[in-house]
Amino acid sequence: MSSATPDPKSGGAALELLVHGVGGTTAADMLDDPRTVRITGDKTAAMHRRRDDVDADEHLERYADGPVPEAYCWSNLTSGNGARALWLLLLPFMVANLAHWMRPPSEGRPGLVRLYGVLVRLVALTLTVLLTAAVCEVALDLTAWQCAGSGACAAQRSWLGFLSAERGGWWSAPGRRLALAAVAPAALVGLLWYLSNRTWSAYEAQRPPIGYDSDTPAGPATPAGTSQAGTAQAGTAQAGTVPAAPAVPRPALGRPGFWYGRRLVARLRAAHTAAGFLTVAAALARATAPQDHRTAHGTLREILGWTLQGGIAVLAVVVLWVICRRGRSERRLDLTLERALVSWLPGAALLLLALTAAHAAWARPGWRSSGTLPGDTVFGLLTLAQGAFVVALGVVALLLARPRRDPRTALHGLGGPAVAMLACALGGVMTGGVAQRMADWLDGSGTPGAGDGLITGPPVLLSWQASVIPVLLLLLLVPTALLVARTLVTARRTRSVVEADYGTADRDRDRDRLRTDRIAAVRAGAGLTDSAPVLVGVVAGATLLLGAASVAGAWASGNVPGRAFDGAHPAITSAATAAQALGSWMVGFGFLLFVTWGRRSYKDQSARRTIGILWDVGTFWPRAAHPFAPPCYAERAVPDLTWRMSSWTRRTGGRLVISGHSQGSVLAAAAVWQLAPATRARVALLTYGSPLERLYGRWFPAYFGPEALSGLHRTVHCWSNLFRATDPIGGPMRVPAEDGRPPVDRPALLDPVVYGRTREHPLPEPILGHSDYQADPAFAAARAALLDRLPPALPRQRDNDTSPQGSSGKSS
């Protein structure tokens with residue numbers, strides 16, 4: 001140990017801030033003590049300490065042998081109450097939002113970056129229109145038009161009796177049936193607006209507690225509740241003790257407005273809500289227009305219909321303008337809220353929908369419902385639009401990635417377009433599943449579109465899309481089989497590596513062959529995570545091609561149900577019909593499984609926690625593309641951590657190690673980026689089981705790529721990373737040592753810690769993989785080494801000094 005580095009026992013006050021990973025855990029487990037106390041925060045996210053450590057900040061001299069442990073529990077942000085289970089229905093929106101953050105580094109080309117964001121937002125808009133159109137298909141076409149218009153079908157559904165065309169009641173007129181059925185999709189859009197507005201108020205609309213100076217490239221300037229003079233005095237007092245942080249460009253995640261997307265989400269929510277209402281209005285207008293043209297040509301009713309359609313088109317153009325006009329604002333806290341736009345755009349669309357419904361309810365003598373509603377081409381146009389946007393997105397991504405290609409980047413920079421394609425596929429499967437199952441249920445024992453059914457059935461395109469699902473699964477068998485074979489070969493080759501790591505003697509190899517094979521197999525299986533881009537690329541590419549083929553097939557058949565495969569060879573027709581039937585069954589089964597899983601999660605805490613793991617990974621990023629996606633928990637968690645580190649180090653002058661496991665390491669890194677240089681110089685970062693480079697660096701290169709992680713290494717005072725070869729999620733940072741600093745990655749931890757039985761470990765040690773890093777002796781050694789490298793504690797602040805907001809009860 002150098003003379004300039006103090007001994008940790010004489011370095012003064014120290015705090016270890018523990019941040020858990022995916023799935024969550026309790027404060028008692030994190031602190032290894034059943035007696036814990038919440039010292040700050042609420043039931044959603046809070047800081048906890050052991051009961052014996054509540055007053056530690058007032059008696060820091062008692063903790064000379066180690067840091068005071070403090071646990072930050074944030075799992076309730078994603079899997080708290082039962083309503084979180086309903087977020088499963090928002091899965092396509094969440095995946096589309098991920099595509100926004102997967103762009104390659106910009107290399108100073110803001111025009112391409114803006115175009116990339118616009119294309120992703122357009123893909124997200126098509127998903128909203130697709131979901132609304134699917135509900136319109138079920139409510140307006142299948143139920144109100146086909147089933148209620150068929151006496152045999154309506155007779156089997158007593159709840160449809162008052163709509164039956166054979167009864168001749170007031171609601172039996174086709175236009176009035178459609179107007180009433182339009183309540184269902186309009187209510188869905190209203191529900192999505194309500195949920196988005198509620199989560200927006202709880203997440204994006206909550207101003208971060210730390211104020212930022214947009215002209216200061218270092219980070220937070222003044223904590224709320226702290227005077228500028230006090231901050232300046234603190235900085236002067238620390239100037240002689242704390243080394244100045246290197247002057248480096250501020251990374252994206254360190255910008256003042258990165259975790260404050262209030263303005264953009266409000267704009268997008270208004271645009272998507274209006275788009276949903278306009279979709280319902282367009283479905284009504286498209287249904288009544290042919291009848292008005294035939295029977296009321298040139299009359300007031302037709303003129304009013306054309307006027308309403310023109311209003312729908314104008315508002316649709318406004319929605320597109322709002323979507324394309326503005327992206328995220330991150331370089332400063334954007335406190336502006338366009339209240340006029342946010343309120344009048346959805347209101348105007350809703351008013352237009354009400355007028356269109358009233359126009360549809362206008363009496364039209366002699367109008368009878370037969371066949372399907374004249375709107376089958378909508379799904380085809382949406383599919384083509386999504387494919388075109390994804391292809392354009394791929395071109396932009398390649399242009400962004402061309403100047404500097406990193407071999408570690410997933411799909412060579414095409415991760416965003418591939419994930420956007422998967423979002424479209426998820427949306428198609430969900431909407432197709434709803435339409436197919438509803439048609440089968442309404443038709444009873446018949447088969448919709450097969451000639452023996454009571455109704456015509458859903459659009460032909462959905463049948464074609466169902467038929468390509470078995471083909472897609474067959475295509476996936478090839479890369480899956482190759483990955484399995486490669487894993488087996490890798491496991492066999494890893495045996496010698498395992499034996500070398502543990503130094504097993506020749507006489508022990510035969511006796512413990514099963515132990516060696518087990519460790520080698522776990523290591524090889526953990527490597528499958530690195531092959532995920534291959535599967536994603538295959539699924540996305542096949543989905544794009546098969547989706548185009550399904551659109552071409554539907555249009556070639558003239559969108560006539562029951563004639564999807566007419567004119568083909570009998571063998572091809574038989575195979576295609578079988579694929580269609582199997583795909584339709586799989587779509588329906590998948591949708592029912594999806595709903596069942598959501599219902600179980602609503603009642604079962606353990607199942608809800610499993611879904612919470614999905615949200616832990618998918619909702620780390622702010623809502624930049626789709627406002628109806630589940631909210632970003634990091635917009636609460638990152639300011640919590642940043643504020644806690646800033647307030648504690650300023651008040652105590654002590655050293656702090658933020659210790660993050662798995663997803664908690666991502667939150668910890670994002671919080672450290674947000675710190676001011678004076679605070680960051682007193683903070684060490686310890687990550688373990690971390691996906692920062694292995695997952696985030698590969699899939700989100702613009703934010704966690706090699707340059708970003710190298711910049712974090714240069715700006716944070718000290719950083720160590722622990723990983724295991726058996727961990728399928730965590731991995732090395734691959735950040736080289738520079739400027740005389742030690743490398744971030746410590747040697748890979750052995751897992752299990754010992755090979756066989758020893759005096760210290762008389763029972764076989766388990767293979768831990770991604771869990772229990774703190775049980776390894778190397779964890780305490782790495783933490784102590786970080787404390788050694790931090791500067792000694794500063795004198796405590798005066799008792800009458802202003803304390804930052806967010807300080808904990810007794811401890812602050």
# chains A, B, ... in the order shown; residues from 1 in each chain; ligands from 1
>>> residues_around(residues="A:His359", least_positions_apart="4", cutoff="8 Å", atoms="only C-alpha atoms", output="list in words")
Arg301, Leu304, Gly305 and Leu355 of chain A
>>> residues_around(residues="A:Val587", least_positions_apart="4", cutoff="10 Å", atoms="only C-alpha atoms", output="PyMOL selection string")
chain A and resi 428-437+465-467+469+581-583+591-593
>>> write_last_selection(atoms="C-alpha atoms", output="PDB file, in the first residue's frame")
ATOM      1  CA  GLY A 428     -49.566  -8.983 -34.914  1.00  0.00           C
ATOM      2  CA  VAL A 429     -49.741 -12.186 -32.889  1.00  0.00           C
ATOM      3  CA  MET A 430     -51.732 -10.533 -30.116  1.00  0.00           C
ATOM      4  CA  THR A 431     -54.212  -8.822 -32.441  1.00  0.00           C
ATOM      5  CA  GLY A 432     -54.521 -11.890 -34.659  1.00  0.00           C
ATOM      6  CA  GLY A 433     -55.064 -14.091 -31.635  1.00  0.00           C
ATOM      7  CA  VAL A 434     -57.850 -11.876 -30.336  1.00  0.00           C
ATOM      8  CA  ALA A 435     -59.625 -11.815 -33.711  1.00  0.00           C
ATOM      9  CA  GLN A 436     -59.248 -15.552 -34.352  1.00  0.00           C
ATOM     10  CA  ARG A 437     -60.417 -16.628 -30.887  1.00  0.00           C
ATOM     11  CA  GLN A 465     -50.155 -14.619 -40.858  1.00  0.00           C
ATOM     12  CA  ALA A 466     -51.228 -17.593 -38.767  1.00  0.00           C
ATOM     13  CA  SER A 467     -50.001 -19.986 -41.463  1.00  0.00           C
ATOM     14  CA  ILE A 469     -46.016 -19.190 -37.617  1.00  0.00           C
ATOM     15  CA  ALA A 581     -54.956 -24.490 -39.053  1.00  0.00           C
ATOM     16  CA  LEU A 582     -51.939 -25.217 -36.865  1.00  0.00           C
ATOM     17  CA  GLY A 583     -50.884 -21.574 -36.834  1.00  0.00           C
ATOM     18  CA  PHE A 591     -53.104 -15.599 -26.564  1.00  0.00           C
ATOM     19  CA  LEU A 592     -55.045 -17.649 -24.011  1.00  0.00           C
ATOM     20  CA  LEU A 593     -51.786 -18.576 -22.293  1.00  0.00           C
TER      21      LEU A 593
END
>>> residues_around(residues="A:Thr490", least_positions_apart="5", cutoff="10 Å", atoms="only C-alpha atoms", output="ChimeraX atom specification")
/A:484-485,495,520-521,523-525,527
>>> residues_around(residues="A:Ala165", least_positions_apart="4", cutoff="10 Å", atoms="only C-alpha atoms", output="JSON, numbers by chain")
{"A": [144, 145, 147, 148, 149, 150, 151, 154, 161, 169, 170, 171, 172, 173, 174, 177, 368, 369]}
>>> write_last_selection(atoms="all heavy atoms", output="short mmCIF file (atom, residue, chain, number, x, y, z; two decimals), in the first residue's frame")
data_model
loop_
_atom_site.label_atom_id
_atom_site.label_comp_id
_atom_site.auth_asym_id
_atom_site.auth_seq_id
_atom_site.Cartn_x
_atom_site.Cartn_y
_atom_site.Cartn_z
N ALA A 144 -70.77 -6.74 -34.06
CA ALA A 144 -71.92 -5.90 -34.42
C ALA A 144 -72.36 -6.09 -35.86
O ALA A 144 -73.56 -6.02 -36.16
CB ALA A 144 -71.58 -4.43 -34.16
N TRP A 145 -71.42 -6.33 -36.77
CA TRP A 145 -71.77 -6.42 -38.18
C TRP A 145 -72.12 -7.85 -38.59
O TRP A 145 -73.19 -8.11 -39.16
CB TRP A 145 -70.63 -5.88 -39.03
CG TRP A 145 -70.89 -5.86 -40.50
CD1 TRP A 145 -70.51 -6.78 -41.43
CD2 TRP A 145 -71.59 -4.85 -41.24
NE1 TRP A 145 -70.91 -6.43 -42.69
CE2 TRP A 145 -71.59 -5.24 -42.60
CE3 TRP A 145 -72.21 -3.66 -40.90
CZ2 TRP A 145 -72.18 -4.47 -43.60
CZ3 TRP A 145 -72.81 -2.90 -41.89
CH2 TRP A 145 -72.78 -3.31 -43.22
N CYS A 147 -72.06 -11.05 -36.60
CA CYS A 147 -72.87 -11.92 -35.75
C CYS A 147 -74.25 -11.32 -35.49
O CYS A 147 -75.27 -12.01 -35.62
CB CYS A 147 -72.15 -12.17 -34.43
SG CYS A 147 -72.94 -13.42 -33.40
N ALA A 148 -74.30 -10.03 -35.13
CA ALA A 148 -75.62 -9.42 -34.89
C ALA A 148 -76.43 -9.32 -36.17
O ALA A 148 -77.67 -9.31 -36.12
CB ALA A 148 -75.44 -8.03 -34.29
N GLY A 149 -75.75 -9.28 -37.32
CA GLY A 149 -76.48 -9.25 -38.59
C GLY A 149 -76.95 -10.60 -39.05
O GLY A 149 -77.73 -10.71 -40.00
N SER A 150 -76.48 -11.67 -38.40
CA SER A 150 -76.89 -13.03 -38.72
C SER A 150 -77.85 -13.52 -37.64
O SER A 150 -77.47 -13.60 -36.46
CB SER A 150 -75.67 -13.96 -38.82
OG SER A 150 -76.06 -15.30 -38.88
N GLY A 151 -79.05 -13.88 -38.02
CA GLY A 151 -80.02 -14.32 -37.03
C GLY A 151 -79.58 -15.57 -36.31
O GLY A 151 -79.77 -15.70 -35.09
N ALA A 154 -76.76 -14.51 -33.78
CA ALA A 154 -77.30 -13.73 -32.68
C ALA A 154 -78.18 -14.57 -31.77
O ALA A 154 -78.27 -14.32 -30.56
CB ALA A 154 -78.08 -12.54 -33.21
N GLY A 161 -79.12 -10.15 -28.36
CA GLY A 161 -80.50 -10.18 -28.86
C GLY A 161 -81.03 -8.82 -29.25
O GLY A 161 -81.68 -8.66 -30.29
N GLY A 169 -85.50 -3.96 -33.88
CA GLY A 169 -85.54 -2.92 -32.87
C GLY A 169 -84.76 -1.68 -33.30
O GLY A 169 -84.17 -1.61 -34.40
N TRP A 170 -84.77 -0.67 -32.40
CA TRP A 170 -84.08 0.58 -32.73
C TRP A 170 -82.61 0.36 -32.92
O TRP A 170 -81.99 0.96 -33.81
CB TRP A 170 -84.34 1.61 -31.62
CG TRP A 170 -83.94 3.00 -32.02
CD1 TRP A 170 -84.71 3.92 -32.67
CD2 TRP A 170 -82.68 3.63 -31.80
NE1 TRP A 170 -84.00 5.08 -32.88
CE2 TRP A 170 -82.73 4.94 -32.34
CE3 TRP A 170 -81.49 3.22 -31.20
CZ2 TRP A 170 -81.67 5.82 -32.29
CZ3 TRP A 170 -80.42 4.11 -31.14
CH2 TRP A 170 -80.52 5.39 -31.69
N TRP A 171 -82.01 -0.52 -32.10
CA TRP A 171 -80.58 -0.78 -32.20
C TRP A 171 -80.26 -1.79 -33.30
O TRP A 171 -79.07 -2.10 -33.51
CB TRP A 171 -80.05 -1.32 -30.88
CG TRP A 171 -79.96 -0.29 -29.80
CD1 TRP A 171 -80.78 -0.17 -28.72
CD2 TRP A 171 -79.00 0.75 -29.70
NE1 TRP A 171 -80.41 0.90 -27.95
CE2 TRP A 171 -79.30 1.49 -28.53
CE3 TRP A 171 -77.92 1.16 -30.49
CZ2 TRP A 171 -78.55 2.59 -28.13
CZ3 TRP A 171 -77.18 2.25 -30.09
CH2 TRP A 171 -77.49 2.97 -28.92
N SER A 172 -81.25 -2.30 -34.00
CA SER A 172 -80.99 -3.32 -35.02
C SER A 172 -80.43 -2.74 -36.30
O SER A 172 -79.88 -3.48 -37.13
CB SER A 172 -82.27 -4.11 -35.33
OG SER A 172 -82.74 -4.75 -34.16
N ALA A 173 -80.55 -1.45 -36.51
CA ALA A 173 -80.00 -0.83 -37.71
C ALA A 173 -78.49 -0.98 -37.71
O ALA A 173 -77.84 -0.80 -36.68
CB ALA A 173 -80.39 0.64 -37.77
N PRO A 174 -77.88 -1.32 -38.86
CA PRO A 174 -76.43 -1.57 -38.89
C PRO A 174 -75.61 -0.40 -38.36
O PRO A 174 -74.66 -0.60 -37.60
CB PRO A 174 -76.16 -1.83 -40.37
CG PRO A 174 -77.45 -2.32 -40.92
CD PRO A 174 -78.51 -1.60 -40.16
N ARG A 177 -75.84 -0.25 -34.60
CA ARG A 177 -75.06 -1.34 -34.01
C ARG A 177 -73.58 -0.98 -34.00
O ARG A 177 -72.86 -1.20 -33.02
CB ARG A 177 -75.28 -2.63 -34.80
CG ARG A 177 -76.56 -3.35 -34.47
CD ARG A 177 -76.60 -4.71 -35.13
NE ARG A 177 -77.25 -4.66 -36.43
CZ ARG A 177 -76.76 -5.18 -37.55
NH1 ARG A 177 -75.60 -5.79 -37.53
NH2 ARG A 177 -77.42 -5.10 -38.68
N ARG A 368 -78.57 -3.40 -45.03
CA ARG A 368 -78.44 -4.71 -44.41
C ARG A 368 -76.95 -5.06 -44.35
O ARG A 368 -76.18 -4.74 -45.25
CB ARG A 368 -79.18 -5.79 -45.20
CG ARG A 368 -80.68 -5.57 -45.27
CD ARG A 368 -81.33 -5.79 -43.90
NE ARG A 368 -82.78 -5.64 -43.97
CZ ARG A 368 -83.43 -4.50 -43.77
NH1 ARG A 368 -82.74 -3.39 -43.50
NH2 ARG A 368 -84.74 -4.44 -43.85
N SER A 369 -76.56 -5.73 -43.26
CA SER A 369 -75.16 -6.14 -43.12
C SER A 369 -74.97 -7.52 -43.72
O SER A 369 -75.73 -8.45 -43.46
CB SER A 369 -74.76 -6.16 -41.64
OG SER A 369 -75.60 -7.01 -40.89
#
>>> select_by_dssp(residues="stretch 656-732 of chain A", states="strand (DSSP E or B)", output="list in words")
Leu656, Val657, Ile658, Ser659, Gly660, His661, Val683, Ala684, Leu685, Leu686, Thr687, Tyr688, Cys718, Trp719, Ser720, Asn721, Leu722 and Arg724 of chain A
>>> residues_around(residues="A:Leu112", least_positions_apart="6", cutoff="9 Å", atoms="only C-alpha atoms", output="PyMOL selection string")
chain A and resi 106+396-397+399-400
>>> write_last_selection(atoms="C-alpha atoms", output="short mmCIF file (atom, residue, chain, number, x, y, z; two decimals), in the first residue's frame")
data_model
loop_
_atom_site.label_atom_id
_atom_site.label_comp_id
_atom_site.auth_asym_id
_atom_site.auth_seq_id
_atom_site.Cartn_x
_atom_site.Cartn_y
_atom_site.Cartn_z
CA SER A 106 -23.98 8.90 -33.59
CA VAL A 396 -30.20 4.47 -40.94
CA ALA A 397 -28.67 2.13 -38.34
CA LEU A 399 -25.18 4.46 -41.77
CA LEU A 400 -24.71 5.31 -38.11
#
>>> closest_atom_pairs(of="stretch 283-345 of chain A", to="stretch 186-195 of chain A", cutoff="12 Å", atoms="only C-alpha atoms", output="tab-separated table")
residue	atom	partner	partner_atom	distance
A:Ala283	CA	A:Ala186	CA	11.6
A:Leu284	CA	A:Ala186	CA	11.8
A:Val342	CA	A:Trp193	CA	11.4
A:Ser343	CA	A:Trp193	CA	11.8
>>> closest_residue(among="A:Ala385, A:Leu163, A:His297, A:Ala266", to="A:Val129", atoms="only C-alpha atoms")
A:Ala385
>>> residues_around(residues="A:Leu787", least_positions_apart="3", cutoff="12 Å", atoms="only C-alpha atoms", output="short mmCIF file (atom, residue, chain, number, x, y, z; two decimals) with N, CA and C atoms, in the first residue's frame")
data_model
loop_
_atom_site.label_atom_id
_atom_site.label_comp_id
_atom_site.auth_asym_id
_atom_site.auth_seq_id
_atom_site.Cartn_x
_atom_site.Cartn_y
_atom_site.Cartn_z
N THR A 5 -2.00 6.46 0.10
CA THR A 5 -3.30 5.82 0.26
C THR A 5 -3.51 5.45 1.71
N PRO A 6 -4.52 5.97 2.38
CA PRO A 6 -4.71 5.71 3.81
C PRO A 6 -5.21 4.29 4.04
N ASP A 7 -4.95 3.81 5.22
CA ASP A 7 -5.50 2.53 5.63
C ASP A 7 -7.01 2.67 5.81
N PRO A 8 -7.80 1.68 5.37
CA PRO A 8 -9.25 1.82 5.46
C PRO A 8 -9.74 2.02 6.88
N LYS A 9 -9.00 1.50 7.88
CA LYS A 9 -9.45 1.66 9.26
C LYS A 9 -9.22 3.08 9.77
N SER A 10 -8.36 3.83 9.10
CA SER A 10 -8.13 5.21 9.51
C SER A 10 -8.67 6.20 8.51
N GLY A 11 -9.43 5.74 7.54
CA GLY A 11 -9.93 6.63 6.50
C GLY A 11 -11.19 7.37 6.88
N GLY A 12 -11.75 7.08 8.05
CA GLY A 12 -12.93 7.80 8.48
C GLY A 12 -14.22 7.15 8.01
N ALA A 13 -15.29 7.95 8.03
CA ALA A 13 -16.64 7.46 7.76
C ALA A 13 -16.73 6.82 6.38
N ALA A 14 -17.44 5.71 6.31
CA ALA A 14 -17.65 5.01 5.03
C ALA A 14 -19.03 4.39 5.03
N LEU A 15 -19.67 4.41 3.87
CA LEU A 15 -21.00 3.84 3.68
C LEU A 15 -20.97 2.92 2.49
N GLU A 16 -21.58 1.74 2.63
CA GLU A 16 -21.76 0.83 1.50
C GLU A 16 -23.23 0.83 1.13
N ALA A 64 -15.07 1.88 12.51
CA ALA A 64 -13.73 2.01 11.94
C ALA A 64 -13.30 0.76 11.20
N ASP A 65 -13.90 -0.39 11.52
CA ASP A 65 -13.49 -1.65 10.90
C ASP A 65 -14.16 -1.92 9.56
N GLY A 66 -15.14 -1.15 9.17
CA GLY A 66 -15.81 -1.41 7.90
C GLY A 66 -16.90 -0.39 7.65
N PRO A 67 -17.43 -0.38 6.44
CA PRO A 67 -18.46 0.61 6.11
C PRO A 67 -19.81 0.27 6.74
N GLY A 654 -17.71 11.67 4.21
CA GLY A 654 -17.18 10.33 4.21
C GLY A 654 -17.01 9.73 2.82
N ARG A 655 -16.52 8.49 2.84
CA ARG A 655 -16.33 7.73 1.62
C ARG A 655 -17.55 6.83 1.40
N LEU A 656 -17.82 6.51 0.14
CA LEU A 656 -19.02 5.72 -0.17
C LEU A 656 -18.70 4.72 -1.28
N VAL A 657 -19.11 3.50 -1.04
CA VAL A 657 -19.03 2.45 -2.06
C VAL A 657 -20.45 2.10 -2.46
N ILE A 658 -20.81 2.32 -3.71
CA ILE A 658 -22.12 1.88 -4.20
C ILE A 658 -21.92 0.52 -4.84
N ARG A 682 -15.50 11.02 -4.24
CA ARG A 682 -15.59 10.35 -2.95
C ARG A 682 -16.36 9.04 -3.05
N VAL A 683 -16.67 8.60 -4.26
CA VAL A 683 -17.52 7.43 -4.47
C VAL A 683 -16.74 6.37 -5.25
N ALA A 684 -16.83 5.15 -4.79
CA ALA A 684 -16.28 4.00 -5.50
C ALA A 684 -17.43 3.14 -6.01
N LEU A 685 -17.21 2.47 -7.12
CA LEU A 685 -18.24 1.65 -7.75
C LEU A 685 -17.81 0.20 -7.73
N LEU A 686 -18.65 -0.65 -7.16
CA LEU A 686 -18.40 -2.09 -7.13
C LEU A 686 -19.56 -2.78 -7.81
N HIS A 717 -13.83 7.61 -9.30
CA HIS A 717 -12.54 7.54 -8.64
C HIS A 717 -11.94 6.14 -8.71
N CYS A 718 -12.74 5.12 -8.43
CA CYS A 718 -12.26 3.74 -8.54
C CYS A 718 -13.45 2.83 -8.78
N TRP A 719 -13.18 1.75 -9.51
CA TRP A 719 -14.26 0.86 -9.95
C TRP A 719 -13.68 -0.54 -10.07
N SER A 720 -14.38 -1.51 -9.48
CA SER A 720 -14.01 -2.91 -9.60
C SER A 720 -15.23 -3.72 -10.02
N ALA A 780 -15.52 -9.22 -0.18
CA ALA A 780 -15.04 -8.35 0.90
C ALA A 780 -13.67 -7.78 0.57
N ALA A 781 -12.82 -8.57 -0.07
CA ALA A 781 -11.49 -8.07 -0.43
C ALA A 781 -11.58 -6.95 -1.46
N ALA A 782 -12.47 -7.09 -2.44
CA ALA A 782 -12.63 -6.04 -3.45
C ALA A 782 -13.19 -4.77 -2.83
N ARG A 783 -14.13 -4.90 -1.92
CA ARG A 783 -14.69 -3.72 -1.25
C ARG A 783 -13.63 -3.01 -0.42
N ALA A 784 -12.82 -3.77 0.32
CA ALA A 784 -11.77 -3.16 1.12
C ALA A 784 -10.74 -2.45 0.24
N LEU A 790 -9.96 5.24 -1.93
CA LEU A 790 -10.70 6.49 -1.78
C LEU A 790 -9.95 7.43 -0.85
N PRO A 791 -10.09 8.74 -1.06
CA PRO A 791 -9.44 9.70 -0.15
C PRO A 791 -10.07 9.62 1.23
N PRO A 792 -9.33 10.01 2.27
CA PRO A 792 -9.88 9.93 3.64
C PRO A 792 -11.05 10.87 3.83
N ALA A 793 -11.81 10.59 4.87
CA ALA A 793 -13.00 11.38 5.14
C ALA A 793 -12.64 12.81 5.48
#
>>> closest_residue(among="A:Thr126, A:Ser771, A:Ile729, A:Leu750", to="A:Ala500", atoms="only C-alpha atoms")
A:Leu750
>>> atom_distance(atom1="atom CA of A:Gly41", atom2="atom CA of A:Asp29")
18.5 Å
>>> select_by_dssp(residues="stretch 627-715 of chain A", states="alpha helix (DSSP H)", output="VMD selection string")
chain A and resid 634 to 652 663 to 673 677 to 680 698 to 699 701 to 704 706 to 715
>>> atom_distance(atom1="atom CA of A:Pro104", atom2="atom CA of A:Ala401")
5.5 Å
>>> atom_distance(atom1="atom CA of A:His626", atom2="atom CA of A:Ala423")
11.5 Å
>>> closest_residue(among="A:Leu514, A:Met421, A:Leu122, A:Val744", to="A:His272", atoms="only C-alpha atoms")
A:Leu122
>>> closest_residue(among="A:Val754, A:Ala481, A:Val638, A:Val390", to="A:Val498", atoms="only C-alpha atoms")
A:Val754
>>> closest_residue(among="A:Leu353, A:Ala578, A:Ala270, A:Ile519", to="A:Pro766", atoms="only C-alpha atoms")
A:Ile519
>>> decode(residues="stretch 254-296 of chain A", atoms="C-alpha atoms", output="mmCIF file, in the first residue's frame")
data_model
loop_
_atom_site.group_PDB
_atom_site.id
_atom_site.type_symbol
_atom_site.label_atom_id
_atom_site.label_comp_id
_atom_site.auth_asym_id
_atom_site.auth_seq_id
_atom_site.Cartn_x
_atom_site.Cartn_y
_atom_site.Cartn_z
ATOM 1 C CA GLY A 254 -25.175 11.918 -17.187
ATOM 2 C CA ARG A 255 -27.088 14.709 -18.888
ATOM 3 C CA PRO A 256 -29.415 16.751 -16.660
ATOM 4 C CA GLY A 257 -32.603 15.927 -18.529
ATOM 5 C CA PHE A 258 -31.990 12.273 -19.326
ATOM 6 C CA TRP A 259 -34.198 10.982 -16.505
ATOM 7 C CA TYR A 260 -36.870 13.645 -16.952
ATOM 8 C CA GLY A 261 -38.997 12.890 -20.016
ATOM 9 C CA ARG A 262 -42.066 14.804 -18.875
ATOM 10 C CA ARG A 263 -42.574 16.915 -21.996
ATOM 11 C CA LEU A 264 -42.030 14.236 -24.624
ATOM 12 C CA VAL A 265 -44.213 11.604 -22.950
ATOM 13 C CA ALA A 266 -47.030 14.135 -22.610
ATOM 14 C CA ARG A 267 -46.782 14.976 -26.323
ATOM 15 C CA LEU A 268 -46.682 11.331 -27.352
ATOM 16 C CA ARG A 269 -49.570 10.458 -25.050
ATOM 17 C CA ALA A 270 -51.726 13.130 -26.659
ATOM 18 C CA ALA A 271 -50.769 11.983 -30.180
ATOM 19 C CA HIS A 272 -51.312 8.259 -29.548
ATOM 20 C CA THR A 273 -54.614 8.854 -27.774
ATOM 21 C CA ALA A 274 -55.802 10.948 -30.696
ATOM 22 C CA ALA A 275 -54.583 8.284 -33.132
ATOM 23 C CA GLY A 276 -56.616 5.646 -31.296
ATOM 24 C CA PHE A 277 -59.807 7.702 -31.372
ATOM 25 C CA LEU A 278 -59.232 8.559 -35.035
ATOM 26 C CA THR A 279 -58.820 4.855 -35.858
ATOM 27 C CA VAL A 280 -62.256 4.119 -34.387
ATOM 28 C CA ALA A 281 -63.760 7.122 -36.176
ATOM 29 C CA ALA A 282 -62.193 6.015 -39.470
ATOM 30 C CA ALA A 283 -63.647 2.514 -39.048
ATOM 31 C CA LEU A 284 -67.132 3.977 -38.600
ATOM 32 C CA ALA A 285 -66.767 6.414 -41.483
ATOM 33 C CA ARG A 286 -65.399 3.702 -43.786
ATOM 34 C CA ALA A 287 -68.377 1.456 -42.969
ATOM 35 C CA THR A 288 -71.059 4.058 -43.704
ATOM 36 C CA ALA A 289 -69.497 5.755 -46.751
ATOM 37 C CA PRO A 290 -70.416 3.090 -49.397
ATOM 38 C CA GLN A 291 -74.049 2.997 -48.283
ATOM 39 C CA ASP A 292 -74.340 6.807 -48.311
ATOM 40 C CA HIS A 293 -72.775 6.960 -51.761
ATOM 41 C CA ARG A 294 -75.271 4.433 -53.142
ATOM 42 C CA THR A 295 -78.465 5.667 -51.518
ATOM 43 C CA ALA A 296 -77.844 9.289 -50.521
#
